[in-house]
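Single-structure report; data block below.
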Amino acid sequence: MSRIVHLALKVEDLERTTEFYQKVFGFKEMNTEKVRDHTSRHLSDGVLDVALIKYDAGTESAESKAAGEGPCIHHFAIEVDDVEKATREIAARGCEVVSDPGVVPVKFRAPGGTIAELVPTGQYTQ
């Protein structure tokens, strides 16, 4: 069975937001990396990967605009055994893929308009 393993928050201030989740809730920083047009800081509550995403100034990528302007819940990730197969299935159901071609994880607009992504099993194993 697939499961939700990751939640991404689009934030304005990476450092202030990190400090908040660490000090108030005890989240642990797992890693920080520059990915395409954003910095992604991964925190964990011990079960779920919570990514704080700060997009570069002036970026115009479809991914950066997918969930709207400003801070928001950007997307959640669903772990699947076969990303290519799941991508074909979501496309067959009319979902718009918003990631650039060939990029994994695969972000898509789900029915209802929310953004989700497909990740390979084990991507967010702690």
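By order of appearance in the structure tokens: chains A, B, ..., then residues from 1 within every chain, and ligands from 1 in the order shown.
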
task = Mind checking which residues fall within 6 Å of stretch 43-45 of chain A, counting only C-alpha atoms, ignoring those fewer than 3 positions away in the same chain, and posting them as a PyMOL selection string?
result = chain A and resi 27-30+48-50

request  = Tell me, as a ChimeraX atom specification, which residues lie within 12 Å of A:Arg88, counting only C-alpha atoms; anything in the same chain fewer than 5 positions away does not count.
outcome  = /A:82-83,93-97,106,108,118

Spatial neighbours of A:His38, max dist 6 Å, only C-alpha atoms, sep filter under 5 positions, as a PDB file with C-alpha atoms, in the first residue's frame:
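Writing done, so here's out_36.pdb:
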```pdb
ATOM      1  CA  LYS A  54      12.561  28.564  -0.063  1.00  0.00           C
ATOM      2  CA  TYR A  55      12.393  29.353  -3.790  1.00  0.00           C
ATOM      3  CA  ASP A  56      15.037  31.572  -5.370  1.00  0.00           C
TER       4      ASP A  56
END
```

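Shortest separation to A:Ile53 among A:Asp100, A:Glu117, A:Glu79, A:Asp13 occurs at residue A:Asp13, atoms counted being only C-alpha atoms.
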
message = List as a ChimeraX atom specification the protein and nucleic acid residues near A:Lys65, meaning an atom at most 12 Å away when only C-alpha atoms are counted, but skip any in the same chain fewer than 3 places from it.
response = /A:10,37,55-56,58-62,68-72,74-75,98-99,107,109,115

Test item: residues at most 8 Å from A:Phe76, only C-alpha atoms, excluding those fewer than 6 positions along its chain, as a JSON list (two decimals) with all heavy atoms, in the first residue's frame:
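Final file, part_2.json:
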```json
[["chain", "number", "residue", "atom", "x", "y", "z"],
["A", 4, "ILE", "N", 1.65, 8.30, 2.64],
["A", 4, "ILE", "CA", 2.20, 9.65, 2.65],
["A", 4, "ILE", "C", 3.43, 9.64, 3.55],
["A", 4, "ILE", "O", 3.37, 9.18, 4.69],
["A", 4, "ILE", "CB", 1.16, 10.66, 3.14],
["A", 4, "ILE", "CG1", -0.02, 10.71, 2.16],
["A", 4, "ILE", "CG2", 1.79, 12.04, 3.32],
["A", 4, "ILE", "CD1", -1.19, 11.55, 2.62],
["A", 5, "VAL", "N", 4.57, 10.13, 3.02],
["A", 5, "VAL", "CA", 5.83, 10.09, 3.75],
["A", 5, "VAL", "C", 6.50, 11.46, 3.89],
["A", 5, "VAL", "O", 7.53, 11.57, 4.54],
["A", 5, "VAL", "CB", 6.83, 9.11, 3.08],
["A", 5, "VAL", "CG1", 6.33, 7.67, 3.19],
["A", 5, "VAL", "CG2", 7.07, 9.49, 1.62],
["A", 6, "HIS", "N", 5.89, 12.49, 3.28],
["A", 6, "HIS", "CA", 6.59, 13.77, 3.17],
["A", 6, "HIS", "C", 5.57, 14.88, 2.99],
["A", 6, "HIS", "O", 4.57, 14.71, 2.31],
["A", 6, "HIS", "CB", 7.52, 13.67, 1.97],
["A", 6, "HIS", "CG", 8.08, 14.93, 1.42],
["A", 6, "HIS", "ND1", 9.14, 15.59, 1.97],
["A", 6, "HIS", "CD2", 7.73, 15.63, 0.32],
["A", 6, "HIS", "CE1", 9.42, 16.65, 1.22],
["A", 6, "HIS", "NE2", 8.58, 16.70, 0.22],
["A", 7, "LEU", "N", 5.83, 16.02, 3.62],
["A", 7, "LEU", "CA", 5.01, 17.21, 3.48],
["A", 7, "LEU", "C", 5.95, 18.39, 3.26],
["A", 7, "LEU", "O", 6.95, 18.52, 3.98],
["A", 7, "LEU", "CB", 4.18, 17.45, 4.74],
["A", 7, "LEU", "CG", 3.30, 18.69, 4.78],
["A", 7, "LEU", "CD1", 2.15, 18.53, 3.79],
["A", 7, "LEU", "CD2", 2.77, 18.90, 6.17],
["A", 8, "ALA", "N", 5.67, 19.22, 2.26],
["A", 8, "ALA", "CA", 6.55, 20.35, 1.96],
["A", 8, "ALA", "C", 5.80, 21.67, 2.18],
["A", 8, "ALA", "O", 4.69, 21.84, 1.71],
["A", 8, "ALA", "CB", 7.04, 20.28, 0.52],
["A", 115, "ILE", "N", -1.43, 19.87, -4.98],
["A", 115, "ILE", "CA", -0.19, 19.36, -5.56],
["A", 115, "ILE", "C", 0.31, 18.20, -4.70],
["A", 115, "ILE", "O", 0.36, 18.30, -3.47],
["A", 115, "ILE", "CB", 0.89, 20.46, -5.64],
["A", 115, "ILE", "CG1", 0.41, 21.63, -6.49],
["A", 115, "ILE", "CG2", 2.21, 19.90, -6.18],
["A", 115, "ILE", "CD1", 0.07, 21.28, -7.93],
["A", 116, "ALA", "N", 0.65, 17.12, -5.37],
["A", 116, "ALA", "CA", 1.22, 15.95, -4.71],
["A", 116, "ALA", "C", 2.45, 15.54, -5.51],
["A", 116, "ALA", "O", 2.69, 16.07, -6.59],
["A", 116, "ALA", "CB", 0.21, 14.82, -4.64],
["A", 117, "GLU", "N", 3.22, 14.60, -4.97],
["A", 117, "GLU", "CA", 4.35, 14.09, -5.74],
["A", 117, "GLU", "C", 4.49, 12.60, -5.49],
["A", 117, "GLU", "O", 4.10, 12.08, -4.44],
["A", 117, "GLU", "CB", 5.64, 14.84, -5.42],
["A", 117, "GLU", "CG", 6.27, 14.54, -4.11],
["A", 117, "GLU", "CD", 7.58, 15.30, -3.87],
["A", 117, "GLU", "OE1", 8.02, 16.09, -4.71],
["A", 117, "GLU", "OE2", 8.15, 15.08, -2.79]]
```

query = Would you give me, as an NGL selection string, the residues in chain A that DSSP reads as alpha helix (DSSP H)?
reply = :A and (14-25 or 62-65 or 83-92)

request  = List every residue of chain A that DSSP, applied to the backbone of this structure, assigns to strand (DSSP E), and report them as an NGL selection string.
outcome  = :A and (3-10 or 28-35 or 38-44 or 49-55 or 72-80 or 96-97 or 106-109 or 115-120)

key: Between atom CA of A:Thr87 and atom CA of A:Arg41, distance in Å (one decimal)   =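 Spanning atom CA of A:Thr87 to atom CA of A:Arg41 is a straight-line distance of 25.5 Å.
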
query = Which is closest to A:Phe20 among A:Leu52, A:Val35, A:Ala77, A:Met1, if we use only C-alpha atoms?
reply =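 Distance minimum relative to A:Phe20 lands on A:Leu52.
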